[in-house]
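Text of the file structure.cif, holding mmCIF, C-alpha atoms:
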```cif
data_entry
#
loop_
_atom_site.label_atom_id
_atom_site.label_comp_id
_atom_site.auth_asym_id
_atom_site.auth_seq_id
_atom_site.Cartn_x
_atom_site.Cartn_y
_atom_site.Cartn_z
CA MET A 1 5.98 28.94 -3.22
CA TYR A 2 2.99 29.77 -1.04
CA THR A 3 2.13 33.16 -2.51
CA GLY A 4 -1.57 32.96 -3.15
CA THR A 5 -1.78 29.43 -1.78
CA LEU A 6 -4.95 30.17 0.19
CA ASP A 7 -6.78 30.85 -3.07
CA LEU A 8 -5.87 27.34 -4.25
CA LEU A 9 -7.16 25.46 -1.23
CA PRO A 10 -10.66 24.05 -0.91
CA PRO A 11 -13.19 25.78 1.33
CA ALA A 12 -14.90 23.81 4.08
CA GLY A 13 -16.91 20.94 2.67
CA GLU A 14 -15.14 20.77 -0.71
CA ILE A 15 -12.67 18.28 -2.21
CA ARG A 16 -9.99 19.46 -4.62
CA VAL A 17 -7.34 17.37 -6.28
CA VAL A 18 -3.66 18.00 -6.92
CA THR A 19 -2.61 17.02 -10.42
CA GLY A 20 0.57 17.28 -12.44
CA PRO A 21 3.04 15.21 -14.42
CA ASP A 22 5.44 14.38 -11.58
CA ALA A 23 4.46 12.37 -8.48
CA ASP A 24 7.52 13.55 -6.52
CA VAL A 25 6.61 17.20 -7.15
CA ARG A 26 3.05 16.57 -5.97
CA SER A 27 4.27 14.82 -2.82
CA ASP A 28 6.73 17.58 -2.01
CA TRP A 29 4.08 20.27 -2.53
CA CYS A 30 1.66 18.50 -0.19
CA ARG A 31 4.33 18.02 2.46
CA ARG A 32 5.45 21.66 2.35
CA LEU A 33 1.88 22.86 2.58
CA ALA A 34 1.18 20.71 5.64
CA GLN A 35 4.34 21.99 7.33
CA SER A 36 3.79 25.66 6.47
CA ASP A 37 3.18 28.21 9.22
CA GLU A 38 -0.40 28.69 8.07
CA TRP A 39 -1.38 25.02 8.38
CA ALA A 40 1.07 23.28 10.71
CA ASP A 41 -1.45 23.28 13.59
CA SER A 42 -4.69 22.74 11.68
CA ALA A 43 -3.88 20.40 8.76
CA ALA A 44 -3.40 16.64 8.76
CA LEU A 45 -1.22 14.96 6.12
CA LEU A 46 -1.51 11.31 5.13
CA SER A 47 1.28 10.23 2.78
CA PHE A 48 3.58 7.34 1.97
CA ALA A 49 6.31 9.26 3.80
CA ALA A 50 4.15 9.09 6.93
CA HIS A 51 3.57 5.39 6.28
CA ALA A 52 7.32 4.87 5.88
CA GLY A 53 8.04 6.71 9.12
CA PHE A 54 5.44 4.60 10.89
CA ALA A 55 6.99 1.40 9.53
CA GLN A 56 10.49 2.44 10.59
CA ALA A 57 9.23 3.26 14.09
CA ILE A 58 7.78 -0.25 14.44
CA GLY A 59 11.03 -1.94 13.46
CA TRP A 60 12.51 -4.25 10.87
CA PRO A 61 10.12 -5.55 8.18
CA GLN A 62 10.26 -9.23 9.17
CA ALA A 63 9.31 -8.39 12.76
CA ARG A 64 5.62 -8.91 11.96
CA TYR A 65 6.34 -12.64 11.66
CA TYR A 66 8.63 -13.00 14.67
CA GLU A 67 7.04 -10.80 17.32
CA GLU A 68 3.77 -11.43 19.08
CA GLY A 69 1.71 -8.82 20.85
CA GLY A 70 2.89 -5.24 20.90
CA GLU A 71 0.91 -2.05 20.43
CA THR A 72 -2.58 -2.68 19.12
CA VAL A 73 -4.71 -0.56 16.82
CA ALA A 74 -6.78 0.42 19.88
CA ASP A 75 -3.62 1.62 21.66
CA PHE A 76 -2.42 3.54 18.60
CA LEU A 77 -5.75 5.38 18.29
CA SER A 78 -6.13 6.13 21.99
CA TYR A 79 -6.50 9.68 23.32
CA GLU A 80 -3.09 9.53 24.98
CA GLU A 81 -1.29 8.21 21.90
CA VAL A 82 -2.89 10.55 19.38
CA TYR A 83 -2.11 13.64 21.44
CA GLY A 84 1.19 12.38 22.86
CA ILE A 85 0.06 12.90 26.44
CA ASN A 86 2.65 12.04 29.07
CA PRO A 87 0.89 10.67 32.17
CA TYR A 88 3.77 11.91 34.32
CA GLU A 89 3.58 15.48 33.09
CA VAL A 90 1.83 17.50 35.77
CA GLY A 91 -0.31 20.50 34.84
CA ALA A 92 -0.37 19.89 31.07
CA LYS A 93 -3.64 21.13 29.60
CA PRO A 94 -5.34 18.55 27.37
CA PRO A 95 -6.20 19.85 23.89
CA GLU A 96 -9.82 18.70 24.32
CA THR A 97 -11.86 16.58 26.68
CA LYS A 98 -11.38 12.85 26.52
CA ARG A 99 -15.13 12.38 26.12
CA ALA A 100 -15.29 14.59 23.01
CA PHE A 101 -12.34 12.73 21.52
CA LYS A 102 -13.86 9.31 22.16
CA GLU A 103 -17.19 10.31 20.63
CA ARG A 104 -15.46 11.56 17.47
CA LEU A 105 -13.17 8.52 17.30
CA ALA A 106 -16.17 6.18 17.53
CA ARG A 107 -17.70 7.88 14.48
CA LEU A 108 -14.41 7.71 12.58
CA VAL A 109 -13.85 4.04 13.37
CA ARG A 110 -17.26 3.20 11.94
CA LEU A 111 -16.58 5.35 8.90
CA THR A 112 -13.14 3.91 8.06
CA ASP A 113 -14.11 0.35 9.08
CA VAL A 114 -11.07 -0.38 11.25
CA ARG A 115 -13.09 -1.93 14.09
CA LYS A 116 -12.57 -5.40 12.59
CA PHE A 117 -8.88 -5.33 13.52
CA TRP A 118 -9.21 -3.12 16.61
CA GLU A 119 -7.39 -5.53 18.94
CA ARG A 120 -4.80 -6.73 16.45
CA PRO A 121 -1.14 -5.70 16.86
CA LEU A 122 -0.15 -2.89 14.51
CA ILE A 123 2.76 -4.93 13.27
CA SER A 124 0.42 -7.64 11.97
CA LEU A 125 -1.52 -5.34 9.61
CA SER A 126 -1.17 -5.43 5.86
CA ASN A 127 -0.12 -2.31 3.97
CA GLY A 128 -3.70 -1.52 2.98
CA GLU A 129 -4.99 -2.05 6.52
CA THR A 130 -2.25 0.20 7.87
CA ARG A 131 -3.33 2.95 5.47
CA ARG A 132 -6.84 2.87 6.89
CA VAL A 133 -5.56 3.08 10.47
CA LEU A 134 -3.30 6.02 9.59
CA LEU A 135 -6.24 7.83 7.94
CA THR A 136 -8.28 7.34 11.10
CA ARG A 137 -5.47 8.73 13.22
CA ALA A 138 -4.99 11.71 10.90
CA LEU A 139 -8.67 12.54 11.36
CA ALA A 140 -8.69 11.94 15.10
CA LYS A 141 -7.36 15.43 15.88
CA ASN A 142 -10.28 16.99 14.00
CA PRO A 143 -8.21 18.92 11.41
CA LYS A 144 -9.61 21.79 9.35
CA LEU A 145 -7.77 20.60 6.22
CA LEU A 146 -7.02 17.00 5.28
CA ILE A 147 -4.15 16.57 2.80
CA LEU A 148 -3.88 13.16 1.16
CA ASP A 149 -0.90 12.12 -0.95
CA ASP A 150 -1.77 9.03 -3.01
CA PRO A 151 -4.12 7.61 -0.34
CA ALA A 152 -5.39 4.79 -2.59
CA ALA A 153 -1.93 3.25 -3.10
CA GLY A 154 -1.93 -0.35 -1.91
CA LEU A 155 -5.71 -0.53 -1.46
CA ASP A 156 -7.72 -3.30 -3.05
CA PRO A 157 -10.57 -2.29 -5.42
CA ALA A 158 -13.26 -2.54 -2.75
CA GLN A 159 -11.26 -0.36 -0.36
CA ARG A 160 -10.56 2.20 -3.09
CA ALA A 161 -14.30 2.54 -3.63
CA LYS A 162 -14.83 2.71 0.14
CA LEU A 163 -12.22 5.46 0.42
CA LYS A 164 -14.12 7.64 -2.04
CA ASP A 165 -17.29 7.20 0.00
CA VAL A 166 -15.44 8.06 3.21
CA LEU A 167 -13.97 11.24 1.73
CA GLN A 168 -17.35 12.33 0.40
CA ALA A 169 -18.90 11.75 3.83
CA LEU A 170 -16.15 13.82 5.48
CA ALA A 171 -16.67 16.64 3.00
CA ASN A 172 -20.40 16.55 3.66
CA ARG A 173 -19.59 17.11 7.33
CA GLY A 174 -17.63 20.25 6.46
CA LEU A 175 -14.02 19.05 6.16
CA ALA A 176 -11.83 20.65 3.47
CA ILE A 177 -9.91 17.96 1.57
CA LEU A 178 -6.98 18.25 -0.80
CA MET A 179 -5.79 15.03 -2.41
CA ALA A 180 -3.16 13.92 -4.90
CA CYS A 181 -3.79 10.60 -6.68
CA ARG A 182 -2.23 8.82 -9.63
CA HIS A 183 -5.48 7.86 -11.34
CA ALA A 184 -8.64 9.84 -11.98
CA ASP A 185 -10.86 6.89 -11.04
CA GLU A 186 -9.50 7.20 -7.48
CA TRP A 187 -10.99 10.67 -7.04
CA PRO A 188 -14.54 11.24 -5.74
CA GLU A 189 -17.06 12.08 -8.45
CA CYS A 190 -17.91 15.40 -6.78
CA VAL A 191 -14.51 16.94 -7.63
CA THR A 192 -14.79 19.91 -9.99
CA ARG A 193 -11.57 21.88 -9.41
CA ALA A 194 -7.90 20.94 -9.35
CA VAL A 195 -4.61 22.44 -8.24
CA ARG A 196 -2.40 21.86 -11.28
CA LEU A 197 1.36 21.68 -10.67
CA ASP A 198 4.02 21.96 -13.32
CA ARG A 199 7.35 20.14 -12.99
CA LYS A 200 8.80 23.03 -10.97
CA GLY A 201 5.98 22.95 -8.43
CA ARG A 202 4.24 26.11 -9.66
CA ALA A 203 0.53 25.83 -8.92
CA SER A 204 -2.62 27.11 -10.56
CA LEU A 205 -6.31 26.47 -9.95
CA VAL A 206 -8.04 24.94 -12.97
CA PRO A 207 -11.27 23.06 -13.76
CA PHE A 208 -10.82 19.37 -13.09
CA THR A 209 -10.22 17.50 -16.33
CA PRO A 210 -8.11 14.31 -16.18
CA THR A 211 -5.11 14.29 -18.50
CA PRO A 212 -4.39 11.14 -20.55
CA ASP A 213 -1.76 10.16 -17.98
CA GLU A 214 -4.28 10.36 -15.13
CA ALA A 215 -7.25 8.72 -16.84
CA PRO A 216 -7.68 4.98 -16.33
CA ASP A 217 -6.38 2.78 -19.12
CA ALA A 218 -9.33 1.85 -21.34
CA SER A 219 -7.55 -1.35 -22.35
CA GLN A 220 -7.49 -2.85 -18.87
CA ALA A 221 -6.18 -6.38 -18.83
CA PRO A 222 -8.88 -9.03 -18.52
CA ALA A 223 -9.01 -11.34 -15.52
CA ARG A 224 -6.31 -13.97 -15.72
CA ARG A 225 -6.83 -17.54 -14.65
CA ALA A 226 -4.31 -20.31 -14.21
CA GLY A 227 -3.10 -20.96 -17.73
CA ARG A 228 -1.31 -23.89 -19.20
CA PRO A 229 1.70 -25.02 -17.13
CA SER A 230 5.02 -24.16 -18.74
CA GLY A 231 6.33 -27.71 -18.44
CA GLY A 232 9.43 -26.43 -16.69
CA PRO A 233 10.61 -27.64 -13.29
CA PRO A 234 8.79 -26.34 -10.20
CA VAL A 235 10.21 -23.14 -8.74
CA ILE A 236 7.65 -22.69 -5.92
CA GLU A 237 5.86 -25.68 -4.40
CA ILE A 238 3.49 -25.18 -1.46
CA ARG A 239 1.62 -28.21 -0.18
CA ASP A 240 -1.35 -28.39 2.22
CA LEU A 241 -0.63 -25.03 3.84
CA SER A 242 -2.87 -24.17 6.82
CA LEU A 243 -1.97 -20.98 8.62
CA ASP A 244 -3.52 -18.70 11.24
CA TYR A 245 -2.21 -15.19 11.73
CA GLY A 246 -3.43 -12.19 13.70
CA GLY A 247 -6.27 -14.24 15.18
CA ARG A 248 -7.71 -15.32 11.81
CA ARG A 249 -7.33 -18.11 9.29
CA LEU A 250 -5.31 -17.08 6.23
CA PHE A 251 -4.87 -20.43 4.49
CA SER A 252 -6.58 -23.79 4.82
CA HIS A 253 -5.07 -26.81 3.00
CA PHE A 254 -3.67 -24.46 0.34
CA ASN A 255 -1.65 -25.85 -2.57
CA TRP A 256 0.21 -23.89 -5.23
CA THR A 257 2.86 -24.78 -7.81
CA VAL A 258 4.70 -22.20 -9.93
CA ARG A 259 6.93 -23.53 -12.67
CA GLN A 260 9.99 -22.13 -14.38
CA GLY A 261 9.14 -19.41 -16.89
CA GLU A 262 5.58 -18.84 -15.63
CA HIS A 263 4.33 -15.33 -14.85
CA TRP A 264 1.64 -15.07 -12.17
CA VAL A 265 -0.56 -12.25 -10.86
CA LEU A 266 -1.42 -12.72 -7.18
CA ARG A 267 -4.63 -11.00 -6.11
CA GLY A 268 -6.71 -10.68 -2.97
CA GLU A 269 -8.20 -8.10 -0.67
CA ASN A 270 -6.02 -6.27 1.85
CA GLY A 271 -5.04 -8.73 4.58
CA SER A 272 -5.75 -11.86 2.52
CA GLY A 273 -2.18 -13.19 2.85
CA LYS A 274 -0.41 -12.07 -0.34
CA THR A 275 2.63 -10.60 1.41
CA THR A 276 2.67 -13.53 3.84
CA LEU A 277 3.04 -15.90 0.87
CA PHE A 278 6.02 -13.88 -0.33
CA ALA A 279 7.55 -14.05 3.17
CA LEU A 280 7.20 -17.84 3.11
CA ILE A 281 8.97 -17.96 -0.26
CA THR A 282 11.86 -15.70 0.76
CA GLY A 283 12.21 -17.24 4.22
CA ASP A 284 11.44 -13.98 6.03
CA SER A 285 8.67 -15.78 7.93
CA PRO A 286 9.66 -18.44 10.48
CA TRP A 287 6.63 -20.46 9.37
CA ALA A 288 8.59 -21.23 6.19
CA TYR A 289 10.47 -23.83 8.24
CA ALA A 290 7.35 -25.45 9.68
CA VAL A 291 5.32 -25.99 6.50
CA ASP A 292 5.74 -28.05 3.33
CA ILE A 293 7.35 -25.59 0.93
CA LYS A 294 10.09 -26.02 -1.63
CA ILE A 295 11.92 -23.24 -3.50
CA PHE A 296 13.93 -24.28 -6.58
CA GLY A 297 13.13 -27.86 -5.57
CA LEU A 298 14.81 -27.44 -2.19
CA PRO A 299 12.89 -27.87 1.08
CA ARG A 300 13.61 -25.55 3.96
CA GLY A 301 16.15 -26.72 6.49
CA ASN A 302 18.00 -29.05 4.10
CA GLY A 303 21.40 -27.53 4.79
CA VAL A 304 21.29 -24.97 1.97
CA ALA A 305 22.06 -21.49 3.28
CA LEU A 306 19.13 -19.07 3.08
CA SER A 307 21.47 -16.52 1.51
CA ASP A 308 22.07 -18.92 -1.40
CA ILE A 309 18.32 -19.13 -2.05
CA ARG A 310 17.85 -15.38 -1.78
CA SER A 311 20.72 -14.73 -4.17
CA ARG A 312 18.55 -16.32 -6.87
CA ILE A 313 15.54 -14.11 -6.08
CA GLY A 314 14.91 -10.48 -7.06
CA ALA A 315 12.32 -8.75 -4.88
CA VAL A 316 10.40 -5.47 -4.69
CA SER A 317 7.93 -4.56 -1.93
CA PRO A 318 6.36 -1.57 -0.16
CA GLU A 319 8.26 -2.59 2.97
CA MET A 320 11.55 -2.25 1.09
CA GLN A 321 10.50 1.23 -0.05
CA ALA A 322 9.60 2.19 3.50
CA TYR A 323 12.66 0.78 5.26
CA LEU A 324 15.35 1.35 2.63
CA GLY A 325 14.13 4.73 1.39
CA HIS A 326 14.35 3.76 -2.30
CA SER A 327 11.70 4.37 -4.92
CA ALA A 328 9.84 1.50 -6.55
CA ARG A 329 11.68 2.18 -9.79
CA GLU A 330 15.08 1.95 -8.07
CA LEU A 331 14.07 -1.33 -6.45
CA VAL A 332 12.92 -2.77 -9.78
CA ASP A 333 16.24 -1.77 -11.36
CA ALA A 334 18.13 -3.46 -8.52
CA ALA A 335 16.01 -6.62 -8.68
CA LEU A 336 16.50 -7.03 -12.43
CA ALA A 337 20.23 -6.32 -12.16
CA LYS A 338 20.59 -9.57 -10.15
CA ASP A 339 19.48 -11.60 -13.20
CA PRO A 340 17.13 -13.47 -10.86
CA GLU A 341 15.68 -16.90 -11.48
CA LEU A 342 12.60 -15.82 -9.50
CA LEU A 343 11.19 -12.29 -9.52
CA LEU A 344 8.82 -11.34 -6.66
CA LEU A 345 7.08 -8.03 -7.35
CA ASP A 346 4.90 -6.79 -4.49
CA GLU A 347 3.20 -3.55 -5.63
CA PRO A 348 6.17 -2.50 -7.84
CA PHE A 349 4.29 0.58 -9.10
CA MET A 350 3.39 2.02 -5.70
CA ASN A 351 3.93 5.79 -5.48
CA LEU A 352 4.90 6.09 -9.14
CA ASP A 353 2.97 8.45 -11.39
CA ALA A 354 0.98 6.75 -14.15
CA ARG A 355 3.50 7.49 -16.90
CA THR A 356 6.45 6.16 -14.87
CA ALA A 357 4.43 3.10 -13.84
CA ARG A 358 3.84 2.25 -17.51
CA THR A 359 7.55 2.71 -18.23
CA VAL A 360 8.48 0.35 -15.38
CA GLY A 361 5.85 -2.15 -16.57
CA ARG A 362 7.38 -2.16 -20.05
CA GLN A 363 10.83 -2.60 -18.49
CA ILE A 364 9.64 -5.68 -16.58
CA ALA A 365 7.98 -7.16 -19.69
CA ALA A 366 11.08 -6.53 -21.81
CA TYR A 367 13.24 -8.29 -19.23
CA LEU A 368 10.96 -11.33 -19.12
CA ARG A 369 10.92 -11.59 -22.91
CA LYS A 370 14.71 -11.55 -22.94
CA HIS A 371 14.91 -14.09 -20.08
CA PRO A 372 12.19 -16.69 -20.84
CA LYS A 373 13.30 -18.98 -18.00
CA THR A 374 12.78 -16.30 -15.35
CA THR A 375 9.74 -16.97 -13.18
CA ALA A 376 7.76 -13.95 -11.93
CA VAL A 377 4.98 -13.40 -9.38
CA LEU A 378 3.30 -10.00 -9.20
CA ILE A 379 1.05 -8.51 -6.51
CA CYS A 380 -0.96 -5.69 -8.06
CA HIS A 381 -4.40 -4.29 -7.22
CA ARG A 382 -4.95 -2.49 -10.54
CA ARG A 383 -5.49 -4.57 -13.67
CA ASP A 384 -4.45 -1.69 -15.90
CA GLU A 385 -0.96 -1.76 -14.35
CA VAL A 386 -0.26 -5.46 -14.98
CA PRO A 387 2.49 -5.75 -17.63
CA PRO A 388 2.14 -8.06 -20.64
CA LEU A 389 3.12 -11.74 -20.33
CA PHE A 390 1.46 -12.29 -16.94
CA ASP A 391 -0.95 -15.00 -18.09
CA HIS A 392 -1.60 -16.86 -14.81
CA GLU A 393 -3.69 -15.59 -11.89
CA LEU A 394 -4.24 -16.72 -8.32
CA ASP A 395 -7.05 -14.90 -6.47
CA LEU A 396 -6.84 -15.50 -2.73
CA ASN A 397 -10.40 -14.26 -2.33
CA HIS A 398 -11.70 -17.33 -4.17
CA LEU A 399 -9.56 -20.18 -2.91
CA GLY A 400 -12.62 -22.22 -2.08
CA ASP A 401 -14.40 -21.65 -5.42
#
```

Take the structure in the file and give it back as structure tokens.
Amino acid sequence: MYTGTLDLLPPAGEIRVVTGPDADVRSDWCRRLAQSDEWADSAALLSFAAHAGFAQAIGWPQARYYEEGGETVADFLSYEEVYGINPYEVGAKPPETKRAFKERLARLVRLTDVRKFWERPLISLSNGETRRVLLTRALAKNPKLLILDDPAAGLDPAQRAKLKDVLQALANRGLAILMACRHADEWPECVTRAVRLDRKGRASLVPFTPTPDEAPDASQAPARRAGRPSGGPPVIEIRDLSLDYGGRRLFSHFNWTVRQGEHWVLRGENGSGKTTLFALITGDSPWAYAVDIKIFGLPRGNGVALSDIRSRIGAVSPEMQAYLGHSARELVDAALAKDPELLLLDEPFMNLDARTARTVGRQIAAYLRKHPKTTAVLICHRRDEVPPLFDHELDLNHLGD
């Protein structure tokens, strides 16, 4: 597989992209390259697999709402943590001086903009925030080659644009970067060459020209605002929600009603509280029992078993991918198979190639057409991935507008 691989890789200071029709093939190729004898000690890989491993090491998904404290971002990016230095190991030679590491880390922290949650516990970070921390850690060892597998997944539009700027700055400093992304608009504009993979993982170096599957959809869905209520009974009712989390205010006197048969898109920057809202709805967060929230008309703590409520909900989330080891498509299949009254879709297209994401989007739309009483709420950062029928929108960035 690696015959002639060195000819495919970018030289210092250049960014090349990995393209091909199958996201799993691209991911496997990146992983094998990072683990190869040639690059095991000098390449850094950032991938969803690494994100999943990180999540599993922290613990169960709901722990972010039940545990306080724990390892902070500062701890995770410390010299000792990054290099796995055992303070009780006598005579071990450090890979570099602590001063050199700290100077480089200070530059990286400014570049990736993780200082704003420097003292926050890792477990409190959103998926997008976690991605930025993992990128910083991947760079902390000063690799010669940075391999990125779908690094923009789960990032809000502003952070996707920021990521491109960060990668260009790293390339300008002499880093070789190889990246696989689902959409051409996630790649830096300076890219001119691509490693093209066929479905068997055979690679060739070609001029960079996005295929129709990789180009952004020209018919991106327009912004959706709260449309006309369906007239059906309330399925989600949140009243006067005020909530602080991770040392910051997420919600202040927030109200939201979702009625039977409505289809909502939930938007907001990374860390704005989208996943927290879902945790309140499912009961994964203990705050669900301390705030005014009703699901299917039932308040929390009214004697109805939580399992009875959850049996009526189909859910998909990045956390479920990470902890259960299932693909987004498998989770969507499982959620729809429950014939749910409420469908909660948190990034249901994450880590799917563009063609598969469109197929899954059509599957969701077809299900909702067939089941007009099913209520659905979707978290999605790309407008071109929102399926038809989602005609309501809640933007958490503009709650006070």

Name the closest residue to A:Asp149 among the candidates A:Pro121, A:Arg110, A:Ser47, A:Ala169; distances are taken between atoms, counting all atoms listed in the file. A:Ser47

Closest to A:Arg120 among A:Asp165, A:Asp150, A:Glu81, A:Glu71, using only C-alpha atoms?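 Comparing A:Asp165, A:Asp150, A:Glu81, A:Glu71 against A:Arg120, the winner is A:Glu71.
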
Need to verify the contact set: stretch 237-251 of chain A, 8 Å, only C-alpha atoms, exclusion of same-chain residues closer than 2 positions in sequence. Can you return it as a list of chain:residue names?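 What passes the distance filter is A:Arg120, A:Pro121, A:Ser124, A:Pro234, A:Val235, A:His253, A:Phe254, A:Asn255, A:Trp256, A:Thr257, A:Val258, A:Ser272, A:Gly273, A:Val291, A:Asp292, A:Ile293, A:Lys294, A:Ile295, A:Gly297.
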
In Å, with one decimal, what is the gap from atom CA of A:Ala140 to atom CA of A:Arg196? 28.9 Å

Atom-to-atom span, atom CA of A:Asn397 and atom CA of A:Arg267, Å: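 Between atom CA of A:Asn397 and atom CA of A:Arg267 the gap is 7.6 Å.
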
Interatomic distance, atom CA of A:Leu344 to atom CA of A:Val316 (Å, one decimal):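 Straight-line distance from atom CA of A:Leu344 to atom CA of A:Val316 works out to 6.4 Å.
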
Find the spatial neighbours of A:Ile379, counting all atoms listed in the file, within a cut-off of 12 Å - ignore same-chain residues fewer than 6 positions away - and output them as a VMD selection string. chain A and resid 154 to 156 263 to 270 272 to 278 315 to 318 343 to 350 385 to 387 390 393 to 396

Return the single residue from A:Val73, A:Ala12, A:Leu389, A:Leu163 that is closest to A:Glu119, with distances computed using all atoms listed in the file.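 The shortest atom-to-atom distance to A:Glu119 comes from A:Val73.
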
Could you write stretch 307-325 of chain A as a compact mmCIF listing (two decimals), keeping the file's coordinate frame, with N, CA and C atoms rebuilt where they are missing?
```
# COMPACT_ATOMS: atom_id res chain seq x y z
N SER A 307 20.89 -17.54 2.37
CA SER A 307 21.47 -16.52 1.51
C SER A 307 21.66 -17.04 0.09
N ASP A 308 21.92 -18.35 -0.06
CA ASP A 308 22.07 -18.92 -1.40
C ASP A 308 20.74 -18.90 -2.14
N ILE A 309 19.65 -19.19 -1.43
CA ILE A 309 18.32 -19.13 -2.05
C ILE A 309 17.99 -17.70 -2.43
N ARG A 310 18.21 -16.78 -1.52
CA ARG A 310 17.85 -15.38 -1.78
C ARG A 310 18.68 -14.77 -2.90
N SER A 311 19.89 -15.27 -3.10
CA SER A 311 20.72 -14.73 -4.17
C SER A 311 20.12 -15.01 -5.54
N ARG A 312 19.19 -15.95 -5.61
CA ARG A 312 18.55 -16.32 -6.87
C ARG A 312 17.20 -15.62 -7.05
N ILE A 313 16.84 -14.77 -6.08
CA ILE A 313 15.54 -14.11 -6.08
C ILE A 313 15.74 -12.59 -6.15
N GLY A 314 14.99 -11.93 -7.03
CA GLY A 314 14.91 -10.48 -7.06
C GLY A 314 13.57 -10.06 -6.50
N ALA A 315 13.57 -9.10 -5.58
CA ALA A 315 12.32 -8.75 -4.88
C ALA A 315 12.11 -7.25 -4.82
N VAL A 316 10.83 -6.86 -4.86
CA VAL A 316 10.40 -5.47 -4.69
C VAL A 316 9.18 -5.51 -3.78
N SER A 317 9.09 -4.59 -2.81
CA SER A 317 7.93 -4.56 -1.93
C SER A 317 7.76 -3.18 -1.33
N PRO A 318 6.55 -2.84 -0.87
CA PRO A 318 6.36 -1.57 -0.16
C PRO A 318 7.21 -1.47 1.09
N GLU A 319 7.43 -2.62 1.77
CA GLU A 319 8.26 -2.59 2.97
C GLU A 319 9.68 -2.17 2.63
N MET A 320 10.19 -2.63 1.49
CA MET A 320 11.55 -2.25 1.09
C MET A 320 11.61 -0.76 0.79
N GLN A 321 10.55 -0.23 0.16
CA GLN A 321 10.50 1.23 -0.05
C GLN A 321 10.55 1.96 1.28
N ALA A 322 9.72 1.50 2.23
CA ALA A 322 9.60 2.19 3.50
C ALA A 322 10.88 2.13 4.32
N TYR A 323 11.50 0.96 4.39
CA TYR A 323 12.66 0.78 5.26
C TYR A 323 13.97 1.22 4.62
N LEU A 324 14.09 1.04 3.30
CA LEU A 324 15.35 1.35 2.63
C LEU A 324 15.37 2.76 2.07
N GLY A 325 14.19 3.36 1.90
CA GLY A 325 14.13 4.73 1.39
C GLY A 325 14.35 4.84 -0.10
```
